[in-house]
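Engineer: Pasting a structure here, questions to come.
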Amino acid sequence: MKRRDARKHIFNLVFQTEFQEEVNADEILSTYNEEYADLSKDNAGYIESEYRGIVDHIEEIDSIIDRYAVGWNVDRLAKTDLAILRIGVYELVFSDDIPNGVAVNEAVELSKSFSGDKAPAFINAVLVKVSKSGEQ
């Protein structure tokens with residue numbers, strides 16, 4: 001599985017998290033792994049690792065989004081855009097193996113698939129600011 005496809009799975013997990021009052025990553029992953037039992041061990045491991053990383057750093061990620069999404073905050077963003085931004089910020093700030101340009105581009109591609117017409121430009125603008133900020 002390509003990382004682009006893995007990101008779609010990560011997006012689904014992060015998006016689902018928005019509808020949980022208390023995030024229980026173990027329960028969410030258990031249910032997800034049952035649904036997608038055909039994922040290879042490597043792919044499932046990568047998806048789980050990235051998802052847990054996002055959940056573990058969600059407060060810091062949201063703080064970064066609030067800082068760079070001028071005029072917006074995480075409470076006002078569409079759930080799809082928030083999930084995509086969380087993945088993008090996580091990759092920019094906490095993943096050493098993903099180049100910034102790739103992280104931004106992949107988030108924009110996710111937004112083209114899952115969000116509204118204006119989302120790609122907005123997500124690109126926020127993530128470019130984060131990548132240039134030195135938050136890494």
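Going by the structure tokens order, chains are called A, B, ..., each with residues numbered from 1, while ligands are numbered from 1 in the order shown.
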Write out as a ChimeraX atom specification each polymer residue whose atoms come within 8 Å of Asn100 (chain A), counting only C-alpha atoms; drop sequence neighbours fewer than 4 positions from it.
Structural biologist: /A:91-92,104,131
Engineer: Convert the current residue selection to file output with C-alpha atoms, as a PDB file, in the first residue's frame.
Structural biologist:
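Wrote it out as part_22.pdb, contents follow:
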ATOM      1  CA  GLU A  91       3.637  15.057   9.595  1.00  0.00           C
ATOM      2  CA  LEU A  92       5.288  18.486   9.477  1.00  0.00           C
ATOM      3  CA  VAL A 104       1.630  19.662   2.472  1.00  0.00           C
ATOM      4  CA  SER A 131       6.292  24.448   7.479  1.00  0.00           C
TER       5      SER A 131
END
Engineer: Please identify the alpha helix (DSSP H) residues within chain A (assignment by DSSP from backbone atoms) and present them as a ChimeraX atom specification.
Structural biologist: /A:3-17,25-35,41-56,58-68,79-94,100-114,119-133
Engineer: Skip region 19-32 of chain A itself and residues of its chain fewer than 4 positions away, then list as a list in words all residues within 10 Å of it, counting only C-alpha atoms.
Structural biologist: His9, Asn12, Leu13, Val14, Phe15, Tyr36, Ala37, Ala44, Ile47, Glu48, Tyr51, Arg52, Val55, Asp56 and Lys79 of chain A
Engineer: Keeping only C-alpha atoms, take the residues you just selected and write them out as a PDB file, in the first residue's frame.
Structural biologist:
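This is the output file again-v5.pdb:
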ATOM      1  CA  HIS A   9      -7.062   5.218   6.438  1.00  0.00           C
ATOM      2  CA  ASN A  12     -10.811   7.941   8.507  1.00  0.00           C
ATOM      3  CA  LEU A  13      -9.502   7.247  12.005  1.00  0.00           C
ATOM      4  CA  VAL A  14      -8.818  10.901  12.844  1.00  0.00           C
ATOM      5  CA  PHE A  15     -12.201  11.909  11.434  1.00  0.00           C
ATOM      6  CA  TYR A  36      -9.985  -3.786   7.600  1.00  0.00           C
ATOM      7  CA  ALA A  37      -8.631  -7.176   8.635  1.00  0.00           C
ATOM      8  CA  ALA A  44      -1.728  -1.688   9.835  1.00  0.00           C
ATOM      9  CA  ILE A  47      -1.503   3.449  10.216  1.00  0.00           C
ATOM     10  CA  GLU A  48      -1.720   2.708  13.937  1.00  0.00           C
ATOM     11  CA  TYR A  51      -2.889   7.658  14.358  1.00  0.00           C
ATOM     12  CA  ARG A  52      -1.558   7.185  17.901  1.00  0.00           C
ATOM     13  CA  VAL A  55      -3.904  11.427  19.246  1.00  0.00           C
ATOM     14  CA  ASP A  56      -0.934  11.700  21.641  1.00  0.00           C
ATOM     15  CA  LYS A  79     -14.509  18.201  10.772  1.00  0.00           C
TER      16      LYS A  79
END
Engineer: Any idea what's packed within 10 Å of Leu85 (chain A), counting only C-alpha atoms, ignoring anything in its chain fewer than 2 positions away? Could you give it as a list in words?
Structural biologist: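 Contacts, in chain order: Phe11, Ile61, Asp62, Ile64, Ile65, Ala69, Val74, Leu77, Lys79, Thr80, Asp81, Leu82, Ala83, Ile87, Gly88, Val89, Tyr90, Glu91, Val104, Ala107, Val108, Leu110, Ser111, Phe122, Ile123, Asn124, Val126 and Leu127 of chain A.
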Engineer: Can you write just those residues out, N, CA and C atoms, as a PDB file, in the first residue's frame?
Structural biologist:
ATOM      1  N   PHE A  11      -6.846   9.293   7.863  1.00  0.00           N
ATOM      2  CA  PHE A  11      -7.898  10.305   7.820  1.00  0.00           C
ATOM      3  C   PHE A  11      -9.193   9.746   8.408  1.00  0.00           C
ATOM      4  N   ILE A  61      -0.991  19.898  18.430  1.00  0.00           N
ATOM      5  CA  ILE A  61      -1.374  20.045  17.018  1.00  0.00           C
ATOM      6  C   ILE A  61      -2.476  21.089  16.886  1.00  0.00           C
ATOM      7  N   ASP A  62      -3.497  20.996  17.723  1.00  0.00           N
ATOM      8  CA  ASP A  62      -4.602  21.959  17.661  1.00  0.00           C
ATOM      9  C   ASP A  62      -4.142  23.369  17.980  1.00  0.00           C
ATOM     10  N   ILE A  64      -1.216  24.593  17.283  1.00  0.00           N
ATOM     11  CA  ILE A  64      -0.520  25.050  16.079  1.00  0.00           C
ATOM     12  C   ILE A  64      -1.534  25.450  15.013  1.00  0.00           C
ATOM     13  N   ILE A  65      -2.580  24.643  14.844  1.00  0.00           N
ATOM     14  CA  ILE A  65      -3.627  24.982  13.868  1.00  0.00           C
ATOM     15  C   ILE A  65      -4.261  26.317  14.235  1.00  0.00           C
ATOM     16  N   ALA A  69      -4.124  29.191  11.414  1.00  0.00           N
ATOM     17  CA  ALA A  69      -5.378  29.286  10.653  1.00  0.00           C
ATOM     18  C   ALA A  69      -6.023  30.619  11.010  1.00  0.00           C
ATOM     19  N   VAL A  74      -9.960  25.582  15.887  1.00  0.00           N
ATOM     20  CA  VAL A  74     -10.334  24.190  15.674  1.00  0.00           C
ATOM     21  C   VAL A  74     -11.813  23.922  15.926  1.00  0.00           C
ATOM     22  N   LEU A  77     -13.733  24.918  12.504  1.00  0.00           N
ATOM     23  CA  LEU A  77     -13.373  24.253  11.245  1.00  0.00           C
ATOM     24  C   LEU A  77     -14.289  23.075  10.962  1.00  0.00           C
ATOM     25  N   LYS A  79     -15.155  19.400  10.214  1.00  0.00           N
ATOM     26  CA  LYS A  79     -14.509  18.201  10.772  1.00  0.00           C
ATOM     27  C   LYS A  79     -13.547  17.554   9.777  1.00  0.00           C
ATOM     28  N   THR A  80     -13.906  17.573   8.508  1.00  0.00           N
ATOM     29  CA  THR A  80     -13.010  16.991   7.509  1.00  0.00           C
ATOM     30  C   THR A  80     -11.715  17.804   7.407  1.00  0.00           C
ATOM     31  N   ASP A  81     -11.858  19.125   7.371  1.00  0.00           N
ATOM     32  CA  ASP A  81     -10.670  19.982   7.269  1.00  0.00           C
ATOM     33  C   ASP A  81      -9.794  19.850   8.502  1.00  0.00           C
ATOM     34  N   LEU A  82     -10.427  19.762   9.656  1.00  0.00           N
ATOM     35  CA  LEU A  82      -9.668  19.614  10.905  1.00  0.00           C
ATOM     36  C   LEU A  82      -8.881  18.307  10.900  1.00  0.00           C
ATOM     37  N   ALA A  83      -9.510  17.228  10.487  1.00  0.00           N
ATOM     38  CA  ALA A  83      -8.811  15.939  10.444  1.00  0.00           C
ATOM     39  C   ALA A  83      -7.609  16.006   9.496  1.00  0.00           C
ATOM     40  N   ILE A  87      -3.495  15.742  10.464  1.00  0.00           N
ATOM     41  CA  ILE A  87      -2.543  14.830   9.830  1.00  0.00           C
ATOM     42  C   ILE A  87      -1.362  15.621   9.269  1.00  0.00           C
ATOM     43  N   GLY A  88      -1.657  16.711   8.560  1.00  0.00           N
ATOM     44  CA  GLY A  88      -0.597  17.522   7.962  1.00  0.00           C
ATOM     45  C   GLY A  88       0.335  18.123   8.999  1.00  0.00           C
ATOM     46  N   VAL A  89      -0.218  18.699  10.057  1.00  0.00           N
ATOM     47  CA  VAL A  89       0.619  19.290  11.108  1.00  0.00           C
ATOM     48  C   VAL A  89       1.447  18.202  11.785  1.00  0.00           C
ATOM     49  N   TYR A  90       0.841  17.069  12.044  1.00  0.00           N
ATOM     50  CA  TYR A  90       1.589  15.966  12.660  1.00  0.00           C
ATOM     51  C   TYR A  90       2.781  15.583  11.781  1.00  0.00           C
ATOM     52  N   GLU A  91       2.552  15.443  10.492  1.00  0.00           N
ATOM     53  CA  GLU A  91       3.637  15.057   9.595  1.00  0.00           C
ATOM     54  C   GLU A  91       4.718  16.139   9.524  1.00  0.00           C
ATOM     55  N   VAL A 104       2.586  18.635   2.905  1.00  0.00           N
ATOM     56  CA  VAL A 104       1.630  19.662   2.472  1.00  0.00           C
ATOM     57  C   VAL A 104       0.841  19.167   1.265  1.00  0.00           C
ATOM     58  N   ALA A 107      -1.733  16.472   2.114  1.00  0.00           N
ATOM     59  CA  ALA A 107      -2.893  17.029   2.810  1.00  0.00           C
ATOM     60  C   ALA A 107      -3.821  17.727   1.819  1.00  0.00           C
ATOM     61  N   VAL A 108      -3.251  18.454   0.888  1.00  0.00           N
ATOM     62  CA  VAL A 108      -4.057  19.123  -0.137  1.00  0.00           C
ATOM     63  C   VAL A 108      -4.803  18.074  -0.977  1.00  0.00           C
ATOM     64  N   LEU A 110      -5.719  15.073  -0.020  1.00  0.00           N
ATOM     65  CA  LEU A 110      -6.809  14.547   0.810  1.00  0.00           C
ATOM     66  C   LEU A 110      -8.005  15.493   0.794  1.00  0.00           C
ATOM     67  N   SER A 111      -7.717  16.790   0.881  1.00  0.00           N
ATOM     68  CA  SER A 111      -8.811  17.759   0.912  1.00  0.00           C
ATOM     69  C   SER A 111      -9.579  17.787  -0.406  1.00  0.00           C
ATOM     70  N   PHE A 122      -7.104  26.638   1.461  1.00  0.00           N
ATOM     71  CA  PHE A 122      -7.014  26.958   2.892  1.00  0.00           C
ATOM     72  C   PHE A 122      -6.015  26.031   3.583  1.00  0.00           C
ATOM     73  N   ILE A 123      -6.129  24.752   3.348  1.00  0.00           N
ATOM     74  CA  ILE A 123      -5.232  23.780   3.981  1.00  0.00           C
ATOM     75  C   ILE A 123      -3.801  24.014   3.528  1.00  0.00           C
ATOM     76  N   ASN A 124      -3.612  24.284   2.256  1.00  0.00           N
ATOM     77  CA  ASN A 124      -2.275  24.592   1.749  1.00  0.00           C
ATOM     78  C   ASN A 124      -1.701  25.813   2.462  1.00  0.00           C
ATOM     79  N   VAL A 126      -2.415  27.168   5.403  1.00  0.00           N
ATOM     80  CA  VAL A 126      -2.110  26.907   6.819  1.00  0.00           C
ATOM     81  C   VAL A 126      -0.851  26.065   6.941  1.00  0.00           C
ATOM     82  N   LEU A 127      -0.776  24.989   6.176  1.00  0.00           N
ATOM     83  CA  LEU A 127       0.366  24.088   6.310  1.00  0.00           C
ATOM     84  C   LEU A 127       1.664  24.692   5.794  1.00  0.00           C
TER      85      LEU A 127
END
Engineer: Provide the CA of Lys2 (chain A) to CA of Asp97 (chain A) distance in Å, to one decimal place.
Structural biologist: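 Separating CA of Lys2 (chain A) from CA of Asp97 (chain A) is a distance of 14.7 Å.
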